[in-house]
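This is input_34.cif (mmCIF, N, CA and C atoms).
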```
data_final
loop_
_atom_site.label_atom_id
_atom_site.label_comp_id
_atom_site.auth_asym_id
_atom_site.auth_seq_id
_atom_site.Cartn_x
_atom_site.Cartn_y
_atom_site.Cartn_z
N MET A 1 59.00 -40.16 -26.67
CA MET A 1 58.06 -41.27 -26.67
C MET A 1 56.77 -40.87 -27.41
N ALA A 2 56.24 -41.76 -28.20
CA ALA A 2 55.05 -41.49 -29.00
C ALA A 2 53.81 -41.33 -28.11
N VAL A 3 52.86 -40.52 -28.57
CA VAL A 3 51.61 -40.29 -27.83
C VAL A 3 50.86 -41.61 -27.64
N PHE A 4 50.76 -42.40 -28.70
CA PHE A 4 50.07 -43.69 -28.62
C PHE A 4 51.10 -44.76 -28.32
N GLU A 5 50.98 -45.44 -27.17
CA GLU A 5 52.00 -46.43 -26.78
C GLU A 5 51.93 -47.70 -27.59
N SER A 6 50.82 -47.92 -28.31
CA SER A 6 50.70 -49.13 -29.12
C SER A 6 49.71 -48.89 -30.25
N THR A 7 49.76 -49.76 -31.24
CA THR A 7 48.80 -49.70 -32.34
C THR A 7 47.38 -49.90 -31.79
N GLU A 8 47.23 -50.81 -30.84
CA GLU A 8 45.90 -51.09 -30.26
C GLU A 8 45.32 -49.84 -29.60
N LYS A 9 46.18 -49.10 -28.87
CA LYS A 9 45.73 -47.87 -28.21
C LYS A 9 45.31 -46.83 -29.25
N MET A 10 46.11 -46.72 -30.31
CA MET A 10 45.79 -45.78 -31.38
C MET A 10 44.44 -46.14 -32.01
N TYR A 11 44.23 -47.43 -32.28
CA TYR A 11 42.95 -47.86 -32.86
C TYR A 11 41.80 -47.57 -31.92
N GLU A 12 42.02 -47.78 -30.64
CA GLU A 12 40.98 -47.53 -29.64
C GLU A 12 40.59 -46.06 -29.64
N VAL A 13 41.57 -45.16 -29.61
CA VAL A 13 41.33 -43.72 -29.53
C VAL A 13 40.77 -43.18 -30.85
N LEU A 14 41.49 -43.40 -31.94
CA LEU A 14 41.05 -42.83 -33.22
C LEU A 14 39.81 -43.55 -33.76
N GLY A 15 39.72 -44.85 -33.52
CA GLY A 15 38.52 -45.60 -33.91
C GLY A 15 37.29 -45.05 -33.23
N SER A 16 37.42 -44.72 -31.93
CA SER A 16 36.25 -44.18 -31.22
C SER A 16 35.88 -42.79 -31.76
N LEU A 17 36.88 -41.99 -32.16
CA LEU A 17 36.60 -40.68 -32.75
C LEU A 17 35.81 -40.84 -34.05
N PHE A 18 36.31 -41.66 -34.97
CA PHE A 18 35.65 -41.80 -36.27
C PHE A 18 34.28 -42.48 -36.14
N ASN A 19 34.17 -43.46 -35.25
CA ASN A 19 32.86 -44.10 -35.04
C ASN A 19 31.85 -43.11 -34.48
N LEU A 20 32.30 -42.24 -33.58
CA LEU A 20 31.43 -41.21 -33.02
C LEU A 20 30.95 -40.27 -34.12
N LEU A 21 31.86 -39.88 -35.00
CA LEU A 21 31.51 -38.97 -36.10
C LEU A 21 30.48 -39.61 -37.03
N MET A 22 30.63 -40.89 -37.30
CA MET A 22 29.72 -41.57 -38.21
C MET A 22 28.33 -41.79 -37.59
N GLN A 23 28.20 -41.57 -36.28
CA GLN A 23 26.89 -41.65 -35.64
C GLN A 23 26.08 -40.37 -35.81
N ASP A 24 26.76 -39.28 -36.25
CA ASP A 24 26.08 -38.02 -36.51
C ASP A 24 25.40 -38.12 -37.88
N LYS A 25 24.07 -38.06 -37.87
CA LYS A 25 23.28 -38.31 -39.09
C LYS A 25 23.68 -37.39 -40.26
N ASP A 26 23.77 -36.08 -40.02
CA ASP A 26 24.11 -35.13 -41.10
C ASP A 26 25.52 -35.39 -41.64
N LEU A 27 26.43 -35.58 -40.73
CA LEU A 27 27.82 -35.82 -41.12
C LEU A 27 27.93 -37.12 -41.90
N TYR A 28 27.27 -38.15 -41.40
CA TYR A 28 27.26 -39.46 -42.05
C TYR A 28 26.74 -39.33 -43.48
N GLU A 29 25.62 -38.62 -43.65
CA GLU A 29 25.03 -38.46 -44.98
C GLU A 29 25.95 -37.70 -45.92
N LYS A 30 26.62 -36.64 -45.42
CA LYS A 30 27.56 -35.88 -46.24
C LYS A 30 28.72 -36.77 -46.68
N TYR A 31 29.20 -37.60 -45.75
CA TYR A 31 30.32 -38.48 -46.07
C TYR A 31 29.90 -39.51 -47.11
N ILE A 32 28.75 -40.14 -46.93
CA ILE A 32 28.24 -41.14 -47.88
C ILE A 32 28.08 -40.51 -49.27
N GLU A 33 27.54 -39.28 -49.30
CA GLU A 33 27.35 -38.54 -50.55
C GLU A 33 28.67 -38.34 -51.29
N SER A 34 29.76 -38.14 -50.55
CA SER A 34 31.06 -37.89 -51.17
C SER A 34 31.59 -39.13 -51.89
N ASN A 35 31.09 -40.31 -51.50
CA ASN A 35 31.47 -41.59 -52.12
C ASN A 35 32.98 -41.77 -52.22
N ILE A 36 33.67 -41.53 -51.10
CA ILE A 36 35.11 -41.72 -51.09
C ILE A 36 35.52 -42.72 -50.01
N ILE A 37 36.69 -43.27 -50.20
CA ILE A 37 37.30 -44.16 -49.22
C ILE A 37 38.60 -43.49 -48.79
N ILE A 38 38.71 -43.24 -47.49
CA ILE A 38 39.92 -42.62 -46.96
C ILE A 38 40.74 -43.67 -46.22
N LYS A 39 42.03 -43.67 -46.50
CA LYS A 39 42.94 -44.56 -45.79
C LYS A 39 43.96 -43.69 -45.06
N PHE A 40 44.03 -43.85 -43.75
CA PHE A 40 45.06 -43.20 -42.96
C PHE A 40 46.15 -44.24 -42.74
N THR A 41 47.33 -43.98 -43.26
CA THR A 41 48.48 -44.84 -43.01
C THR A 41 49.29 -44.14 -41.93
N ILE A 42 49.33 -44.76 -40.76
CA ILE A 42 49.94 -44.12 -39.61
C ILE A 42 51.20 -44.88 -39.21
N ASN A 43 52.23 -44.12 -38.90
CA ASN A 43 53.47 -44.74 -38.40
C ASN A 43 53.76 -44.19 -37.01
N ASP A 44 54.46 -44.98 -36.22
CA ASP A 44 54.85 -44.64 -34.86
C ASP A 44 53.64 -44.36 -33.97
N PRO A 45 52.82 -45.35 -33.70
CA PRO A 45 52.89 -46.77 -34.05
C PRO A 45 52.32 -47.04 -35.44
N GLU A 46 52.69 -48.18 -36.00
CA GLU A 46 52.24 -48.57 -37.34
C GLU A 46 50.78 -48.99 -37.32
N GLY A 47 50.03 -48.53 -38.31
CA GLY A 47 48.64 -48.98 -38.41
C GLY A 47 47.92 -48.31 -39.55
N PHE A 48 46.69 -48.75 -39.77
CA PHE A 48 45.84 -48.21 -40.84
C PHE A 48 44.45 -47.98 -40.27
N ILE A 49 43.86 -46.87 -40.65
CA ILE A 49 42.46 -46.63 -40.32
C ILE A 49 41.77 -46.25 -41.62
N TRP A 50 40.67 -46.93 -41.88
CA TRP A 50 39.91 -46.71 -43.11
C TRP A 50 38.54 -46.13 -42.79
N LEU A 51 38.10 -45.20 -43.62
CA LEU A 51 36.71 -44.75 -43.61
C LEU A 51 36.16 -45.16 -44.97
N THR A 52 35.25 -46.14 -44.96
CA THR A 52 34.76 -46.67 -46.23
C THR A 52 33.68 -45.77 -46.82
N ASN A 53 33.38 -46.00 -48.09
CA ASN A 53 32.33 -45.21 -48.75
C ASN A 53 30.94 -45.58 -48.24
N GLU A 54 30.87 -46.55 -47.34
CA GLU A 54 29.60 -46.92 -46.69
C GLU A 54 29.53 -46.37 -45.27
N GLY A 55 30.53 -45.57 -44.88
CA GLY A 55 30.54 -44.97 -43.56
C GLY A 55 31.02 -45.89 -42.45
N LYS A 56 31.70 -46.98 -42.83
CA LYS A 56 32.25 -47.89 -41.82
C LYS A 56 33.68 -47.48 -41.48
N VAL A 57 34.06 -47.73 -40.23
CA VAL A 57 35.41 -47.46 -39.77
C VAL A 57 36.11 -48.80 -39.59
N ILE A 58 37.25 -48.96 -40.26
CA ILE A 58 38.02 -50.20 -40.14
C ILE A 58 39.40 -49.84 -39.59
N CYS A 59 39.75 -50.47 -38.48
CA CYS A 59 41.08 -50.28 -37.90
C CYS A 59 41.92 -51.51 -38.25
N GLY A 60 42.92 -51.31 -39.10
CA GLY A 60 43.77 -52.41 -39.54
C GLY A 60 43.79 -52.49 -41.05
N PRO A 61 44.50 -53.49 -41.58
CA PRO A 61 44.56 -53.64 -43.04
C PRO A 61 43.19 -53.98 -43.62
N ALA A 62 42.96 -53.52 -44.84
CA ALA A 62 41.70 -53.83 -45.53
C ALA A 62 41.99 -53.94 -47.02
N ASP A 63 41.23 -54.76 -47.70
CA ASP A 63 41.42 -54.97 -49.13
C ASP A 63 40.52 -54.00 -49.89
N LEU A 64 40.85 -52.71 -49.78
CA LEU A 64 40.07 -51.66 -50.42
C LEU A 64 41.02 -50.77 -51.22
N ARG A 65 40.46 -50.04 -52.16
CA ARG A 65 41.27 -49.09 -52.92
C ARG A 65 40.89 -47.68 -52.46
N PRO A 66 41.81 -46.98 -51.80
CA PRO A 66 41.45 -45.66 -51.27
C PRO A 66 41.32 -44.61 -52.37
N THR A 67 40.37 -43.69 -52.17
CA THR A 67 40.24 -42.52 -53.02
C THR A 67 41.30 -41.51 -52.58
N ILE A 68 41.45 -41.41 -51.26
CA ILE A 68 42.39 -40.48 -50.64
C ILE A 68 43.21 -41.25 -49.62
N GLU A 69 44.52 -41.03 -49.63
CA GLU A 69 45.38 -41.65 -48.63
C GLU A 69 46.16 -40.57 -47.91
N MET A 70 46.05 -40.58 -46.60
CA MET A 70 46.78 -39.64 -45.75
C MET A 70 47.83 -40.44 -44.99
N THR A 71 49.08 -40.03 -45.08
CA THR A 71 50.17 -40.71 -44.38
C THR A 71 50.73 -39.73 -43.35
N LEU A 72 50.80 -40.19 -42.10
CA LEU A 72 51.26 -39.33 -41.02
C LEU A 72 51.65 -40.16 -39.80
N SER A 73 52.31 -39.53 -38.85
CA SER A 73 52.69 -40.22 -37.61
C SER A 73 51.52 -40.14 -36.63
N GLY A 74 51.54 -41.02 -35.66
CA GLY A 74 50.53 -40.98 -34.60
C GLY A 74 50.55 -39.64 -33.88
N ASP A 75 51.75 -39.10 -33.63
CA ASP A 75 51.87 -37.81 -32.95
C ASP A 75 51.27 -36.68 -33.79
N SER A 76 51.54 -36.68 -35.11
CA SER A 76 50.97 -35.65 -35.99
C SER A 76 49.45 -35.76 -36.01
N CYS A 77 48.95 -36.97 -36.00
CA CYS A 77 47.50 -37.20 -35.99
C CYS A 77 46.90 -36.61 -34.71
N HIS A 78 47.50 -36.89 -33.58
CA HIS A 78 47.04 -36.39 -32.29
C HIS A 78 47.04 -34.86 -32.29
N LYS A 79 48.14 -34.25 -32.75
CA LYS A 79 48.26 -32.79 -32.78
C LYS A 79 47.25 -32.18 -33.75
N PHE A 80 47.03 -32.86 -34.88
CA PHE A 80 46.07 -32.36 -35.86
C PHE A 80 44.66 -32.28 -35.26
N TRP A 81 44.22 -33.37 -34.60
CA TRP A 81 42.86 -33.37 -34.04
C TRP A 81 42.72 -32.44 -32.85
N LEU A 82 43.83 -32.07 -32.21
CA LEU A 82 43.79 -31.09 -31.12
C LEU A 82 43.91 -29.66 -31.67
N LYS A 83 44.00 -29.52 -32.98
CA LYS A 83 44.16 -28.23 -33.67
C LYS A 83 45.48 -27.55 -33.31
N GLU A 84 46.50 -28.34 -32.97
CA GLU A 84 47.81 -27.78 -32.69
C GLU A 84 48.61 -27.59 -33.98
N VAL A 85 48.15 -28.25 -35.04
CA VAL A 85 48.77 -28.07 -36.36
C VAL A 85 47.64 -28.10 -37.39
N SER A 86 47.67 -27.13 -38.32
CA SER A 86 46.62 -27.06 -39.34
C SER A 86 47.00 -27.94 -40.53
N LEU A 87 46.01 -28.30 -41.32
CA LEU A 87 46.26 -29.15 -42.49
C LEU A 87 47.23 -28.49 -43.47
N PRO A 88 47.05 -27.20 -43.84
CA PRO A 88 48.01 -26.60 -44.78
C PRO A 88 49.45 -26.61 -44.26
N VAL A 89 49.64 -26.31 -42.96
CA VAL A 89 50.99 -26.30 -42.37
C VAL A 89 51.54 -27.71 -42.34
N ALA A 90 50.73 -28.68 -41.93
CA ALA A 90 51.16 -30.08 -41.85
C ALA A 90 51.56 -30.60 -43.24
N LEU A 91 50.79 -30.23 -44.26
CA LEU A 91 51.12 -30.65 -45.63
C LEU A 91 52.41 -29.98 -46.10
N ALA A 92 52.54 -28.68 -45.82
CA ALA A 92 53.73 -27.93 -46.25
C ALA A 92 54.99 -28.46 -45.59
N LYS A 93 54.89 -28.84 -44.32
CA LYS A 93 56.06 -29.33 -43.58
C LYS A 93 56.30 -30.83 -43.79
N GLY A 94 55.41 -31.48 -44.52
CA GLY A 94 55.57 -32.92 -44.76
C GLY A 94 55.15 -33.78 -43.57
N LEU A 95 54.48 -33.18 -42.58
CA LEU A 95 54.00 -33.95 -41.43
C LEU A 95 52.85 -34.86 -41.86
N ILE A 96 52.09 -34.39 -42.84
CA ILE A 96 51.01 -35.18 -43.42
C ILE A 96 51.24 -35.20 -44.93
N LYS A 97 51.20 -36.38 -45.50
CA LYS A 97 51.30 -36.51 -46.96
C LYS A 97 49.94 -36.98 -47.45
N ALA A 98 49.40 -36.29 -48.44
CA ALA A 98 48.08 -36.64 -48.97
C ALA A 98 48.20 -37.06 -50.42
N LYS A 99 47.54 -38.17 -50.77
CA LYS A 99 47.47 -38.63 -52.16
C LYS A 99 46.00 -38.74 -52.51
N GLY A 100 45.66 -38.24 -53.67
CA GLY A 100 44.28 -38.33 -54.12
C GLY A 100 43.79 -36.98 -54.59
N PRO A 101 42.55 -36.94 -55.08
CA PRO A 101 41.99 -35.69 -55.61
C PRO A 101 41.71 -34.68 -54.50
N MET A 102 42.46 -33.58 -54.50
CA MET A 102 42.32 -32.57 -53.45
C MET A 102 40.92 -31.95 -53.37
N PRO A 103 40.22 -31.74 -54.50
CA PRO A 103 38.85 -31.19 -54.37
C PRO A 103 37.96 -32.07 -53.49
N LYS A 104 38.15 -33.40 -53.57
CA LYS A 104 37.37 -34.31 -52.73
C LYS A 104 37.77 -34.17 -51.26
N VAL A 105 39.06 -33.95 -51.02
CA VAL A 105 39.54 -33.74 -49.65
C VAL A 105 38.90 -32.47 -49.09
N LEU A 106 38.89 -31.41 -49.89
CA LEU A 106 38.34 -30.14 -49.43
C LEU A 106 36.84 -30.22 -49.13
N LYS A 107 36.13 -31.09 -49.85
CA LYS A 107 34.70 -31.29 -49.59
C LYS A 107 34.45 -31.81 -48.17
N LEU A 108 35.46 -32.45 -47.60
CA LEU A 108 35.30 -33.04 -46.28
C LEU A 108 35.63 -32.08 -45.14
N LEU A 109 36.02 -30.85 -45.44
CA LEU A 109 36.36 -29.90 -44.39
C LEU A 109 35.24 -29.72 -43.34
N PRO A 110 33.96 -29.75 -43.73
CA PRO A 110 32.91 -29.63 -42.70
C PRO A 110 32.95 -30.76 -41.66
N VAL A 111 33.54 -31.89 -42.01
CA VAL A 111 33.66 -33.02 -41.08
C VAL A 111 34.66 -32.70 -39.96
N LEU A 112 35.59 -31.81 -40.24
CA LEU A 112 36.64 -31.52 -39.27
C LEU A 112 36.11 -30.87 -38.00
N LYS A 113 35.12 -29.98 -38.14
CA LYS A 113 34.63 -29.24 -36.97
C LYS A 113 34.15 -30.19 -35.86
N PRO A 114 33.25 -31.13 -36.14
CA PRO A 114 32.83 -32.03 -35.06
C PRO A 114 33.97 -32.91 -34.55
N ALA A 115 34.93 -33.24 -35.41
CA ALA A 115 36.07 -34.05 -34.97
C ALA A 115 36.92 -33.23 -33.99
N TYR A 116 37.16 -31.96 -34.34
CA TYR A 116 37.91 -31.08 -33.46
C TYR A 116 37.20 -30.91 -32.12
N GLU A 117 35.87 -30.83 -32.15
CA GLU A 117 35.08 -30.64 -30.93
C GLU A 117 35.13 -31.88 -30.03
N ASN A 118 35.15 -33.07 -30.62
CA ASN A 118 35.07 -34.31 -29.86
C ASN A 118 36.41 -34.90 -29.44
N TYR A 119 37.47 -34.64 -30.20
CA TYR A 119 38.73 -35.31 -29.93
C TYR A 119 39.33 -35.00 -28.55
N PRO A 120 39.35 -33.73 -28.09
CA PRO A 120 39.97 -33.48 -26.78
C PRO A 120 39.38 -34.33 -25.65
N ALA A 121 38.09 -34.51 -25.62
CA ALA A 121 37.45 -35.32 -24.57
C ALA A 121 37.85 -36.79 -24.71
N ILE A 122 37.93 -37.27 -25.96
CA ILE A 122 38.33 -38.66 -26.20
C ILE A 122 39.78 -38.86 -25.76
N ALA A 123 40.66 -37.91 -26.12
CA ALA A 123 42.07 -37.99 -25.74
C ALA A 123 42.21 -37.97 -24.22
N LYS A 124 41.46 -37.09 -23.58
CA LYS A 124 41.52 -36.97 -22.12
C LYS A 124 41.07 -38.27 -21.45
N LYS A 125 39.99 -38.84 -21.98
CA LYS A 125 39.46 -40.10 -21.44
C LYS A 125 40.52 -41.21 -21.49
N HIS A 126 41.39 -41.16 -22.50
CA HIS A 126 42.43 -42.18 -22.68
C HIS A 126 43.78 -41.74 -22.09
N ASN A 127 43.75 -40.68 -21.28
CA ASN A 127 44.95 -40.17 -20.59
C ASN A 127 46.07 -39.77 -21.54
N LEU A 128 45.69 -39.18 -22.67
CA LEU A 128 46.69 -38.68 -23.61
C LEU A 128 46.97 -37.20 -23.30
N PRO A 129 48.16 -36.72 -23.58
CA PRO A 129 48.50 -35.32 -23.24
C PRO A 129 47.70 -34.32 -24.07
N ILE A 130 47.17 -33.33 -23.35
CA ILE A 130 46.43 -32.25 -23.99
C ILE A 130 46.96 -30.94 -23.43
N ALA A 131 47.41 -30.05 -24.32
CA ALA A 131 47.92 -28.75 -23.87
C ALA A 131 46.76 -27.91 -23.34
N GLY A 132 47.06 -27.03 -22.44
CA GLY A 132 46.04 -26.12 -21.92
C GLY A 132 45.37 -26.76 -20.78
#
```
Since I need it in another form, could you write the structure as structure tokens?
Amino acid sequence: MAVFESTEKMYEVLGSLFNLLMQDKDLYEKYIESNIIIKFTINDPEGFIWLTNEGKVICGPADLRPTIEMTLSGDSCHKFWLKEVSLPVALAKGLIKAKGPMPKVLKLLPVLKPAYENYPAIAKKHNLPIAG
């Protein structure tokens, strides 16, 4: 059974993570500076999460052209934010497929630390499984 029982639950959990990150002034400014649009295409459950070049989080379809597109399952997404799987391993195993300029993706690595720090509490709040 998938970690997220529905698309709505996935949007609620991951949307709250990304919205929380965009409230961090330094992180927000770094993201805006990068001038990229990220599209997460998630399956099981099906859905889309966008981070716009204006720092907005959109859960669902949007009429935007992504700079970077990450395709992954809801379970891979959950494991990634819990640091149970690293980006290089996930890419190598095909758990995450990335399209777009990799140097721009690498510029966003500083964003991962606060996401890793905040996700376990968000997952726990939504009664999602957390190892340890």
Please enumerate the residues selected by the PyMOL selection byres ((chain A and resi 56-73) around 7) when evaluated against the supplied file, formatted as an NGL selection string. :A and (11 or 15 or 18-19 or 36-45 or 47-55 or 74-78 or 95-101)
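For the pair atom CA of A:Glu8 and atom N of A:Asp24, the interatomic distance is 23.3 Å.
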For stretch 6-50 of chain A against stretch 121-128 of chain A, with a cut-off of 8 Å and counting only C-alpha atoms, what is the closest atom pair and its distance in Å to one decimal for every residue that makes the cut, ordered by chain and number, as a tab-separated table?
```
residue	atom	partner	partner_atom	distance
A:Val13	CA	A:Ile122	CA	6.8
A:Ser16	CA	A:Ile122	CA	7.7
A:Leu17	CA	A:Ile122	CA	7.1
```
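All polymer residues at most 12 Å from (33.5, -31.5, -39.3), using only C-alpha atoms, appear as Leu17, Phe18, Leu20, Leu21, Met22, Asp24, Asp26, Leu27, Tyr28, Lys30, Tyr31, Trp81, Leu106, Lys107, Leu108, Leu109, Pro110, Val111, Leu112, Lys113, Pro114, Ala115, Tyr116, Glu117, Asn118 and Tyr119 of chain A.
The alpha helix (DSSP H) portion of stretch 31-76 of chain A consists of A:Tyr31, A:Ile32, A:Glu33, A:Ser34, A:Gly74, A:Asp75, A:Ser76, with states taken from DSSP on the backbone.
The space between atom CA of A:Leu82 and atom C of A:Pro120 spans 7.7 Å.
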May I have all residues of stretch 3-128 of chain A that DSSP, computed from the backbone, assigns to strand (DSSP E or B), given as a ChimeraX atom specification? /A:38-43,47-51,57-59,68-73,96-99
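Between atom CA of A:Met1 and atom N of A:Pro129 there is a distance of 11.3 Å.
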Restricting the calculation to all atoms listed in the file: of A:Lys104, A:Leu87, A:Glu5, A:Lys93, which residue gets closest to A:Ser34? A:Lys104
